[in-house]
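Just structure-v3.pdb here, PDB, C-alpha atoms, pLDDT in the B column:
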MODEL        1
ATOM      1  CA  MET A   1     -61.992 -37.565-149.634  1.00 53.00           C
ATOM      2  CA  PRO A   2     -62.010 -33.868-150.652  1.00 58.00           C
ATOM      3  CA  HIS A   3     -61.290 -33.222-154.314  1.00 75.00           C
ATOM      4  CA  ALA A   4     -58.280 -31.117-155.309  1.00 83.00           C
ATOM      5  CA  ALA A   5     -58.415 -28.719-158.252  1.00 92.00           C
ATOM      6  CA  THR A   6     -55.347 -27.364-160.041  1.00 95.00           C
ATOM      7  CA  ARG A   7     -55.052 -23.581-160.182  1.00 96.00           C
ATOM      8  CA  LEU A   8     -52.851 -21.570-162.561  1.00 96.00           C
ATOM      9  CA  HIS A   9     -50.987 -18.266-162.366  1.00 96.00           C
ATOM     10  CA  SER A  10     -48.656 -16.640-164.889  1.00 96.00           C
ATOM     11  CA  VAL A  11     -45.839 -14.346-163.705  1.00 95.00           C
ATOM     12  CA  PRO A  12     -44.394 -12.096-166.461  1.00 93.00           C
ATOM     13  CA  LEU A  13     -40.592 -11.934-166.544  1.00 90.00           C
ATOM     14  CA  ALA A  14     -38.104  -9.772-168.465  1.00 87.00           C
ATOM     15  CA  GLN A  15     -37.769 -12.785-170.739  1.00 88.00           C
ATOM     16  CA  GLY A  16     -40.735 -15.140-170.970  1.00 91.00           C
ATOM     17  CA  SER A  17     -42.876 -15.952-167.948  1.00 94.00           C
ATOM     18  CA  LEU A  18     -43.205 -18.259-164.970  1.00 96.00           C
ATOM     19  CA  GLU A  19     -46.171 -20.587-165.255  1.00 97.00           C
ATOM     20  CA  LEU A  20     -47.201 -21.785-161.807  1.00 98.00           C
ATOM     21  CA  SER A  21     -49.769 -24.484-161.166  1.00 98.00           C
ATOM     22  CA  TRP A  22     -50.825 -25.809-157.786  1.00 98.00           C
ATOM     23  CA  ALA A  23     -53.414 -27.809-155.887  1.00 98.00           C
ATOM     24  CA  ALA A  24     -54.209 -28.209-152.203  1.00 98.00           C
ATOM     25  CA  VAL A  25     -56.105 -30.809-150.217  1.00 98.00           C
ATOM     26  CA  THR A  26     -56.787 -31.431-146.529  1.00 97.00           C
ATOM     27  CA  ASP A  27     -58.481 -34.287-144.664  1.00 97.00           C
ATOM     28  CA  VAL A  28     -59.320 -34.960-141.017  1.00 95.00           C
ATOM     29  CA  GLY A  29     -57.780 -38.434-141.316  1.00 93.00           C
ATOM     30  CA  LYS A  30     -59.120 -41.625-139.774  1.00 94.00           C
ATOM     31  CA  ARG A  31     -58.549 -41.105-136.066  1.00 90.00           C
ATOM     32  CA  ARG A  32     -59.242 -37.427-135.314  1.00 90.00           C
ATOM     33  CA  GLU A  33     -62.637 -35.825-134.817  1.00 89.00           C
ATOM     34  CA  VAL A  34     -61.577 -32.289-135.780  1.00 91.00           C
ATOM     35  CA  ASN A  35     -59.292 -31.096-138.568  1.00 94.00           C
ATOM     36  CA  GLN A  36     -56.840 -28.749-136.835  1.00 94.00           C
ATOM     37  CA  ASP A  37     -54.880 -28.147-140.047  1.00 96.00           C
ATOM     38  CA  ALA A  38     -55.399 -25.038-142.187  1.00 97.00           C
ATOM     39  CA  LEU A  39     -53.881 -23.962-145.477  1.00 98.00           C
ATOM     40  CA  LEU A  40     -53.371 -20.987-147.743  1.00 98.00           C
ATOM     41  CA  ALA A  41     -52.604 -21.538-151.428  1.00 98.00           C
ATOM     42  CA  ASP A  42     -52.941 -18.111-153.006  1.00 97.00           C
ATOM     43  CA  PHE A  43     -50.197 -16.595-155.182  1.00 97.00           C
ATOM     44  CA  PRO A  44     -47.535 -15.712-154.096  1.00 98.00           C
ATOM     45  CA  LEU A  45     -47.859 -17.498-150.711  1.00 98.00           C
ATOM     46  CA  PHE A  46     -48.389 -21.220-150.127  1.00 98.00           C
ATOM     47  CA  VAL A  47     -48.638 -22.252-146.470  1.00 98.00           C
ATOM     48  CA  VAL A  48     -49.715 -25.161-144.268  1.00 98.00           C
ATOM     49  CA  ALA A  49     -50.533 -24.670-140.564  1.00 97.00           C
ATOM     50  CA  ASP A  50     -50.943 -27.646-138.207  1.00 95.00           C
ATOM     51  CA  GLY A  51     -52.681 -26.622-134.992  1.00 92.00           C
ATOM     52  CA  MET A  52     -52.355 -28.200-131.564  1.00 88.00           C
ATOM     53  CA  GLY A  53     -53.856 -27.861-128.124  1.00 75.00           C
ATOM     54  CA  GLY A  54     -57.163 -28.498-126.399  1.00 65.00           C
ATOM     55  CA  HIS A  55     -60.428 -29.655-127.929  1.00 64.00           C
ATOM     56  CA  ILE A  56     -60.549 -26.991-130.670  1.00 76.00           C
ATOM     57  CA  GLY A  57     -57.564 -24.885-129.608  1.00 81.00           C
ATOM     58  CA  GLY A  58     -55.434 -26.115-132.487  1.00 87.00           C
ATOM     59  CA  GLU A  59     -58.132 -25.302-135.014  1.00 91.00           C
ATOM     60  CA  ILE A  60     -58.372 -21.768-133.607  1.00 91.00           C
ATOM     61  CA  ALA A  61     -54.591 -21.314-133.759  1.00 92.00           C
ATOM     62  CA  SER A  62     -54.136 -22.582-137.317  1.00 95.00           C
ATOM     63  CA  SER A  63     -57.175 -20.807-138.788  1.00 95.00           C
ATOM     64  CA  ASN A  64     -56.272 -17.465-137.146  1.00 94.00           C
ATOM     65  CA  THR A  65     -52.721 -17.729-138.462  1.00 96.00           C
ATOM     66  CA  VAL A  66     -53.878 -18.476-142.005  1.00 97.00           C
ATOM     67  CA  THR A  67     -56.429 -15.629-141.840  1.00 97.00           C
ATOM     68  CA  ARG A  68     -53.695 -13.161-140.866  1.00 97.00           C
ATOM     69  CA  LEU A  69     -51.392 -14.408-143.640  1.00 98.00           C
ATOM     70  CA  LYS A  70     -54.211 -14.207-146.189  1.00 98.00           C
ATOM     71  CA  ALA A  71     -54.551 -10.514-145.324  1.00 98.00           C
ATOM     72  CA  VAL A  72     -50.849 -10.077-146.167  1.00 98.00           C
ATOM     73  CA  VAL A  73     -51.426 -11.605-149.620  1.00 98.00           C
ATOM     74  CA  GLU A  74     -54.448  -9.365-150.169  1.00 97.00           C
ATOM     75  CA  ALA A  75     -52.424  -6.284-149.143  1.00 97.00           C
ATOM     76  CA  GLY A  76     -49.968  -7.138-151.918  1.00 94.00           C
ATOM     77  CA  SER A  77     -46.614  -7.247-150.112  1.00 94.00           C
ATOM     78  CA  VAL A  78     -45.334 -10.602-148.875  1.00 97.00           C
ATOM     79  CA  THR A  79     -41.964 -10.121-147.118  1.00 97.00           C
ATOM     80  CA  PRO A  80     -40.389 -11.488-143.928  1.00 97.00           C
ATOM     81  CA  LYS A  81     -41.436  -8.247-142.206  1.00 96.00           C
ATOM     82  CA  THR A  82     -45.118  -8.472-143.239  1.00 97.00           C
ATOM     83  CA  ILE A  83     -45.190 -12.206-142.462  1.00 97.00           C
ATOM     84  CA  GLU A  84     -43.770 -11.652-138.969  1.00 96.00           C
ATOM     85  CA  LYS A  85     -46.240  -8.816-138.285  1.00 96.00           C
ATOM     86  CA  ALA A  86     -49.086 -11.135-139.334  1.00 96.00           C
ATOM     87  CA  LEU A  87     -47.799 -13.911-137.069  1.00 95.00           C
ATOM     88  CA  ALA A  88     -47.514 -11.486-134.129  1.00 93.00           C
ATOM     89  CA  ARG A  89     -51.144 -10.498-134.720  1.00 93.00           C
ATOM     90  CA  ALA A  90     -52.129 -14.165-134.886  1.00 93.00           C
ATOM     91  CA  VAL A  91     -50.469 -14.772-131.497  1.00 90.00           C
ATOM     92  CA  LYS A  92     -52.653 -12.009-130.024  1.00 90.00           C
ATOM     93  CA  ASP A  93     -55.769 -13.418-131.743  1.00 89.00           C
ATOM     94  CA  ILE A  94     -55.068 -16.876-130.314  1.00 87.00           C
ATOM     95  CA  ALA A  95     -54.393 -15.541-126.797  1.00 85.00           C
ATOM     96  CA  ALA A  96     -57.617 -13.488-126.869  1.00 85.00           C
ATOM     97  CA  HIS A  97     -59.830 -16.376-127.992  1.00 80.00           C
ATOM     98  CA  PRO A  98     -62.008 -17.666-125.114  1.00 70.00           C
ATOM     99  CA  GLU A  99     -61.595 -21.302-126.170  1.00 69.00           C
ATOM    100  CA  ALA A 100     -57.826 -21.163-126.587  1.00 61.00           C
ATOM    101  CA  THR A 101     -56.839 -20.688-122.954  1.00 59.00           C
ATOM    102  CA  ASP A 102     -54.599 -23.756-122.893  1.00 60.00           C
ATOM    103  CA  ASP A 103     -50.853 -22.911-122.757  1.00 63.00           C
ATOM    104  CA  GLY A 104     -50.239 -25.642-125.325  1.00 73.00           C
ATOM    105  CA  THR A 105     -52.419 -23.965-127.959  1.00 85.00           C
ATOM    106  CA  GLY A 106     -50.415 -23.072-131.024  1.00 88.00           C
ATOM    107  CA  THR A 107     -49.691 -23.975-134.616  1.00 93.00           C
ATOM    108  CA  THR A 108     -46.905 -24.745-137.017  1.00 94.00           C
ATOM    109  CA  VAL A 109     -46.642 -22.568-140.102  1.00 97.00           C
ATOM    110  CA  THR A 110     -44.614 -23.704-143.077  1.00 98.00           C
ATOM    111  CA  GLY A 111     -44.532 -22.786-146.746  1.00 98.00           C
ATOM    112  CA  VAL A 112     -42.982 -20.869-149.622  1.00 98.00           C
ATOM    113  CA  TYR A 113     -43.587 -17.577-151.365  1.00 98.00           C
ATOM    114  CA  LEU A 114     -42.330 -16.115-154.632  1.00 98.00           C
ATOM    115  CA  ASP A 115     -40.374 -12.899-154.101  1.00 97.00           C
ATOM    116  CA  THR A 116     -40.615 -10.745-157.236  1.00 93.00           C
ATOM    117  CA  SER A 117     -39.274  -7.542-155.651  1.00 90.00           C
ATOM    118  CA  GLY A 118     -35.774  -7.784-157.188  1.00 84.00           C
ATOM    119  CA  THR A 119     -34.573  -8.036-160.770  1.00 83.00           C
ATOM    120  CA  GLU A 120     -34.785 -11.846-160.654  1.00 88.00           C
ATOM    121  CA  PRO A 121     -37.618 -13.620-158.809  1.00 94.00           C
ATOM    122  CA  HIS A 122     -36.699 -16.194-156.174  1.00 96.00           C
ATOM    123  CA  TRP A 123     -38.483 -18.496-153.748  1.00 98.00           C
ATOM    124  CA  VAL A 124     -38.337 -18.084-149.991  1.00 98.00           C
ATOM    125  CA  SER A 125     -39.327 -20.940-147.700  1.00 98.00           C
ATOM    126  CA  LEU A 126     -40.486 -20.185-144.163  1.00 98.00           C
ATOM    127  CA  ASN A 127     -40.873 -22.546-141.254  1.00 97.00           C
ATOM    128  CA  ILE A 128     -41.983 -22.688-137.628  1.00 95.00           C
ATOM    129  CA  GLY A 129     -42.588 -26.205-136.259  1.00 93.00           C
ATOM    130  CA  ASP A 130     -42.493 -29.603-137.951  1.00 94.00           C
ATOM    131  CA  SER A 131     -44.648 -29.219-141.051  1.00 96.00           C
ATOM    132  CA  ARG A 132     -42.370 -29.454-144.087  1.00 97.00           C
ATOM    133  CA  VAL A 133     -41.424 -28.062-147.477  1.00 98.00           C
ATOM    134  CA  TYR A 134     -39.961 -30.542-149.960  1.00 98.00           C
ATOM    135  CA  LEU A 135     -38.461 -29.698-153.350  1.00 98.00           C
ATOM    136  CA  LEU A 136     -38.228 -32.116-156.255  1.00 98.00           C
ATOM    137  CA  ARG A 137     -35.457 -30.841-158.546  1.00 97.00           C
ATOM    138  CA  ASP A 138     -33.663 -32.914-161.199  1.00 96.00           C
ATOM    139  CA  ASP A 139     -35.660 -35.954-160.063  1.00 95.00           C
ATOM    140  CA  THR A 140     -34.209 -35.688-156.542  1.00 97.00           C
ATOM    141  CA  LEU A 141     -36.402 -34.911-153.510  1.00 98.00           C
ATOM    142  CA  VAL A 142     -34.880 -32.689-150.812  1.00 97.00           C
ATOM    143  CA  GLN A 143     -36.434 -31.506-147.538  1.00 97.00           C
ATOM    144  CA  ILE A 144     -35.903 -27.728-147.552  1.00 97.00           C
ATOM    145  CA  THR A 145     -37.133 -26.955-144.031  1.00 97.00           C
ATOM    146  CA  THR A 146     -35.603 -28.236-140.788  1.00 93.00           C
ATOM    147  CA  ASP A 147     -38.108 -29.508-138.212  1.00 92.00           C
ATOM    148  CA  HIS A 148     -38.312 -27.604-134.930  1.00 90.00           C
ATOM    149  CA  SER A 149     -38.755 -30.728-132.844  1.00 88.00           C
ATOM    150  CA  VAL A 150     -37.170 -32.536-129.898  1.00 89.00           C
ATOM    151  CA  VAL A 151     -36.409 -35.487-132.167  1.00 87.00           C
ATOM    152  CA  GLN A 152     -34.674 -33.311-134.797  1.00 90.00           C
ATOM    153  CA  GLU A 153     -32.500 -31.756-132.059  1.00 89.00           C
ATOM    154  CA  LEU A 154     -31.504 -35.249-130.901  1.00 90.00           C
ATOM    155  CA  ILE A 155     -30.654 -36.228-134.504  1.00 88.00           C
ATOM    156  CA  ALA A 156     -28.602 -33.039-134.964  1.00 89.00           C
ATOM    157  CA  ALA A 157     -26.723 -33.787-131.725  1.00 91.00           C
ATOM    158  CA  GLY A 158     -25.917 -37.290-132.959  1.00 90.00           C
ATOM    159  CA  ARG A 159     -27.918 -38.918-130.166  1.00 89.00           C
ATOM    160  CA  LEU A 160     -30.580 -40.440-132.388  1.00 88.00           C
ATOM    161  CA  SER A 161     -30.637 -41.921-135.889  1.00 87.00           C
ATOM    162  CA  PRO A 162     -33.394 -40.918-138.363  1.00 81.00           C
ATOM    163  CA  GLU A 163     -34.652 -44.525-138.172  1.00 80.00           C
ATOM    164  CA  GLU A 164     -34.878 -44.428-134.357  1.00 83.00           C
ATOM    165  CA  ALA A 165     -36.600 -41.043-134.578  1.00 80.00           C
ATOM    166  CA  GLU A 166     -39.590 -42.526-136.407  1.00 77.00           C
ATOM    167  CA  HIS A 167     -40.663 -44.424-133.293  1.00 77.00           C
ATOM    168  CA  HIS A 168     -39.438 -42.049-130.588  1.00 82.00           C
ATOM    169  CA  PRO A 169     -41.970 -41.308-127.790  1.00 79.00           C
ATOM    170  CA  TYR A 170     -41.334 -37.551-128.204  1.00 76.00           C
ATOM    171  CA  GLY A 171     -41.919 -37.720-131.961  1.00 76.00           C
ATOM    172  CA  ASN A 172     -44.785 -35.195-131.761  1.00 75.00           C
ATOM    173  CA  VAL A 173     -43.102 -32.661-129.465  1.00 83.00           C
ATOM    174  CA  ILE A 174     -42.177 -29.468-131.317  1.00 82.00           C
ATOM    175  CA  THR A 175     -39.828 -26.798-129.990  1.00 83.00           C
ATOM    176  CA  ARG A 176     -41.243 -23.749-131.791  1.00 82.00           C
ATOM    177  CA  ALA A 177     -44.823 -22.769-132.634  1.00 83.00           C
ATOM    178  CA  VAL A 178     -47.026 -19.747-133.313  1.00 85.00           C
ATOM    179  CA  GLY A 179     -49.107 -19.085-130.203  1.00 81.00           C
ATOM    180  CA  PRO A 180     -47.420 -20.160-126.967  1.00 61.00           C
ATOM    181  CA  SER A 181     -44.812 -17.372-127.034  1.00 66.00           C
ATOM    182  CA  ASP A 182     -44.181 -13.940-128.525  1.00 62.00           C
ATOM    183  CA  SER A 183     -41.201 -15.184-130.541  1.00 64.00           C
ATOM    184  CA  VAL A 184     -42.628 -15.994-133.950  1.00 75.00           C
ATOM    185  CA  ARG A 185     -39.731 -15.498-136.341  1.00 89.00           C
ATOM    186  CA  PRO A 186     -39.638 -18.282-138.921  1.00 96.00           C
ATOM    187  CA  ASP A 187     -36.504 -19.803-140.389  1.00 94.00           C
ATOM    188  CA  TYR A 188     -36.106 -18.676-144.006  1.00 97.00           C
ATOM    189  CA  VAL A 189     -34.306 -20.337-146.912  1.00 97.00           C
ATOM    190  CA  ARG A 190     -33.820 -18.540-150.218  1.00 97.00           C
ATOM    191  CA  LEU A 191     -34.099 -20.679-153.363  1.00 97.00           C
ATOM    192  CA  GLU A 192     -33.460 -19.873-157.001  1.00 96.00           C
ATOM    193  CA  VAL A 193     -36.294 -20.321-159.498  1.00 96.00           C
ATOM    194  CA  VAL A 194     -35.600 -23.360-161.697  1.00 96.00           C
ATOM    195  CA  ASP A 195     -37.711 -24.669-164.556  1.00 96.00           C
ATOM    196  CA  GLY A 196     -39.384 -27.955-163.649  1.00 97.00           C
ATOM    197  CA  ASP A 197     -39.183 -27.555-159.866  1.00 98.00           C
ATOM    198  CA  ARG A 198     -42.000 -29.089-157.833  1.00 98.00           C
ATOM    199  CA  PHE A 199     -42.729 -28.214-154.214  1.00 98.00           C
ATOM    200  CA  VAL A 200     -44.669 -30.243-151.660  1.00 98.00           C
ATOM    201  CA  ILE A 201     -45.806 -28.406-148.525  1.00 98.00           C
ATOM    202  CA  CYS A 202     -47.387 -30.706-145.956  1.00 98.00           C
ATOM    203  CA  SER A 203     -48.357 -31.268-142.342  1.00 97.00           C
ATOM    204  CA  ASP A 204     -46.794 -34.159-140.436  1.00 94.00           C
ATOM    205  CA  GLY A 205     -49.987 -36.124-141.032  1.00 95.00           C
ATOM    206  CA  LEU A 206     -48.496 -36.898-144.453  1.00 97.00           C
ATOM    207  CA  THR A 207     -44.933 -37.611-143.333  1.00 95.00           C
ATOM    208  CA  LYS A 208     -46.151 -39.967-140.580  1.00 92.00           C
ATOM    209  CA  GLU A 209     -47.707 -42.142-143.298  1.00 95.00           C
ATOM    210  CA  LEU A 210     -45.422 -41.649-146.330  1.00 96.00           C
ATOM    211  CA  THR A 211     -41.634 -41.784-146.535  1.00 94.00           C
ATOM    212  CA  ASP A 212     -39.712 -39.248-148.602  1.00 95.00           C
ATOM    213  CA  TYR A 213     -39.354 -42.005-151.206  1.00 96.00           C
ATOM    214  CA  GLY A 214     -43.151 -42.385-151.251  1.00 97.00           C
ATOM    215  CA  ILE A 215     -43.641 -38.644-151.808  1.00 98.00           C
ATOM    216  CA  GLN A 216     -41.104 -38.745-154.654  1.00 98.00           C
ATOM    217  CA  HIS A 217     -42.854 -41.769-156.158  1.00 98.00           C
ATOM    218  CA  PHE A 218     -46.244 -40.023-156.356  1.00 98.00           C
ATOM    219  CA  LEU A 219     -44.708 -36.872-157.846  1.00 98.00           C
ATOM    220  CA  ARG A 220     -43.045 -38.992-160.538  1.00 97.00           C
ATOM    221  CA  GLU A 221     -46.301 -40.812-161.247  1.00 98.00           C
ATOM    222  CA  HIS A 222     -48.476 -37.678-161.468  1.00 98.00           C
ATOM    223  CA  ALA A 223     -47.427 -34.552-163.363  1.00 97.00           C
ATOM    224  CA  ASP A 224     -50.619 -32.651-162.511  1.00 98.00           C
ATOM    225  CA  PRO A 225     -50.566 -31.083-158.993  1.00 98.00           C
ATOM    226  CA  ALA A 226     -54.148 -32.135-158.170  1.00 98.00           C
ATOM    227  CA  ASP A 227     -53.510 -35.737-159.237  1.00 97.00           C
ATOM    228  CA  ALA A 228     -50.284 -35.866-157.199  1.00 98.00           C
ATOM    229  CA  ALA A 229     -51.906 -34.357-154.093  1.00 98.00           C
ATOM    230  CA  GLU A 230     -54.871 -36.716-154.258  1.00 97.00           C
ATOM    231  CA  ALA A 231     -52.656 -39.772-154.793  1.00 98.00           C
ATOM    232  CA  MET A 232     -50.570 -38.858-151.739  1.00 98.00           C
ATOM    233  CA  MET A 233     -53.693 -38.253-149.692  1.00 98.00           C
ATOM    234  CA  ASP A 234     -55.148 -41.635-150.702  1.00 97.00           C
ATOM    235  CA  ALA A 235     -51.907 -43.349-149.691  1.00 98.00           C
ATOM    236  CA  ALA A 236     -51.703 -41.503-146.350  1.00 97.00           C
ATOM    237  CA  LEU A 237     -55.259 -42.529-145.473  1.00 97.00           C
ATOM    238  CA  GLU A 238     -54.685 -46.119-146.590  1.00 97.00           C
ATOM    239  CA  ASN A 239     -51.538 -46.269-144.450  1.00 96.00           C
ATOM    240  CA  GLY A 240     -53.518 -45.353-141.329  1.00 94.00           C
ATOM    241  CA  GLY A 241     -54.439 -41.669-141.487  1.00 94.00           C
ATOM    242  CA  ARG A 242     -53.424 -41.263-137.844  1.00 93.00           C
ATOM    243  CA  ASP A 243     -53.490 -37.472-137.992  1.00 94.00           C
ATOM    244  CA  ASN A 244     -55.012 -34.653-140.039  1.00 96.00           C
ATOM    245  CA  VAL A 245     -53.343 -34.581-143.459  1.00 97.00           C
ATOM    246  CA  THR A 246     -52.741 -31.430-145.526  1.00 98.00           C
ATOM    247  CA  ILE A 247     -50.837 -31.268-148.821  1.00 98.00           C
ATOM    248  CA  ILE A 248     -50.019 -28.511-151.325  1.00 98.00           C
ATOM    249  CA  VAL A 249     -48.272 -29.450-154.584  1.00 98.00           C
ATOM    250  CA  LEU A 250     -46.805 -26.567-156.603  1.00 98.00           C
ATOM    251  CA  ASN A 251     -45.271 -26.883-160.095  1.00 98.00           C
ATOM    252  CA  VAL A 252     -42.929 -24.319-161.661  1.00 98.00           C
ATOM    253  CA  VAL A 253     -42.482 -24.004-165.437  1.00 97.00           C
ATOM    254  CA  HIS A 254     -40.392 -21.335-167.189  1.00 92.00           C
ATOM    255  CA  GLY A 255     -42.405 -20.405-170.288  1.00 84.00           C
ATOM    256  CA  ASP A 256     -40.994 -18.738-173.411  1.00 73.00           C
TER
ENDMDL
END
For this file, produce the structure as C-alpha cells.
Amino acid sequence: MPHAATRLHSVPLAQGSLELSWAAVTDVGKRREVNQDALLADFPLFVVADGMGGHIGGEIASSNTVTRLKAVVEAGSVTPKTIEKALARAVKDIAAHPEATDDGTGTTVTGVYLDTSGTEPHWVSLNIGDSRVYLLRDDTLVQITTDHSVVQELIAAGRLSPEEAEHHPYGNVITRAVGPSDSVRPDYVRLEVVDGDRFVICSDGLTKELTDYGIQHFLREHADPADAAEAMMDAALENGGRDNVTIIVLNVVHGD
C-alpha cells in the first residue's frame, strides 16, 4: 500500500494563525486493473476526482481535471469562477483525447478550499458526483456534500431508505459529472473555520467499504492525518477493496 506523508502549512491571521496539516493516499484496490482516481492536495485546494468510462477513459478524465485545477492553485486565485473555468477546460481536454471517445467518460470532482479573500477566512466545499467531503467537528461526523446519484435522488424523494440504497442495483449511477456535458458547475457549501475541525475527502471506493461510523472511528483513533488515512485505507482494502480508493485527511488548528 502507498505510504502517506503529512504536510504542513501555516496561514497568518489578524490574530494568531491557522495551522493546517494533511495527508493523501490512493490505491487501485483489489479488483481493478487501473486506478482511475486522481487527487490534488495542495494549499488551498484539496480535491478527489473519481474517473469513469472505457478502458482508460476514467483515468484520462480524472487526471485532466486535476491538472487543470492544479493550474488554478499555481495561478494563486482559487474561486468558484476560476474553478469553473478550469472544469470547462477539462471538459474540452477530455473530449479532445483520442482514447476518451466514449460518451460515458467523465469524472467526479469533490473537495474543499480555504477562501482567504475576505476579512475572515472560511472553507468552501465543492462537489460534482458522488465522491464525498466529511467534517468531524465536536466529535460528530457530518457529510457536507450531497451525492449526485440516482440512489440519492430516490432517498430524497422518500422512495428508498439509506439502508436499501447500499444494495441498490443503480448504486454506481451518478447524475452529474465533469466530461459528458458542458454543465460543470459544482454545488458549493460555505463553512466557518473552527479550531479542531477535521475533513475527510474521499472517492466512493472508501464509502463502499467503510460506514460513516467506521470513518469516525479511525479519525478518533489517529490524530495524525497520515496515520488516519493509512488506517482507513487498510480497512477499505481488508473489507474487499472493490474499487479504487482515494482519501485526503485535513486537520485544522487555530494557533496563538
Given the PyMOL selection byres ((chain A and resi 109) around 9), the residues it picks as a count of residues only:
21
Contacts of stretch 214-216 of chain A at 8 Å (all atoms listed in the file; same-chain gap of 5+ positions) as a ChimeraX atom specification:
/A:136,140-141,232
Picked residues, the PyMOL selection byres ((chain A and resi 147) around 12), expected as a ChimeraX atom specification
/A:108-110,126-134,143-146,148-156,171-177,186-187,203-204,207
Restricting the calculation to only C-alpha atoms: of A:Ala231, A:Ala223, A:Ala4, A:Val184, which residue gets closest to A:Lys85?
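With only C-alpha atoms as the atom set, the closest residue is A:Val184.
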Name the residues that the PyMOL selection byres ((chain A and resi 112) around 10) picks from the file above, as a list in words, using the file's chain letters and numbers.
Ala41, Pro44, Leu45, Phe46, Val47, Val48, Thr110, Gly111, Tyr113, Leu114, Asp115, Trp123, Val124, Ser125, Leu126, Asn127, Val133, Tyr188, Val189, Arg190, Leu191, Phe199, Val200, Ile201 and Leu250 of chain A
Env of stretch 16-21 of chain A: 9 Å cut, atoms = all atoms listed in the file, seq-sep filter 3 positions within chain, self excluded. Answer as a PyMOL selection string.
chain A and resi 6-13+43+195+224-225+249-256
What gap, in Å, lies between atom CA of A:Val28 and atom CA of A:Asp234?
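Atom CA of A:Asp234 lies 12.5 Å from atom CA of A:Val28.
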Sel. within 12 Å of pt (-46.0, -12.3, -131.3), counting only C-alpha atoms, output as a PyMOL selection string:
chain A and resi 65+83-95+106+177-186
Find the distance between atom CA of A:Asp138 and atom CA of A:Glu192 and write it in Å to one decimal.
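Atom CA of A:Glu192 lies at a distance of 13.7 Å from atom CA of A:Asp138.
Take atom CA of A:Gln36 and atom CA of A:Gly205: the distance between them is 10.9 Å.
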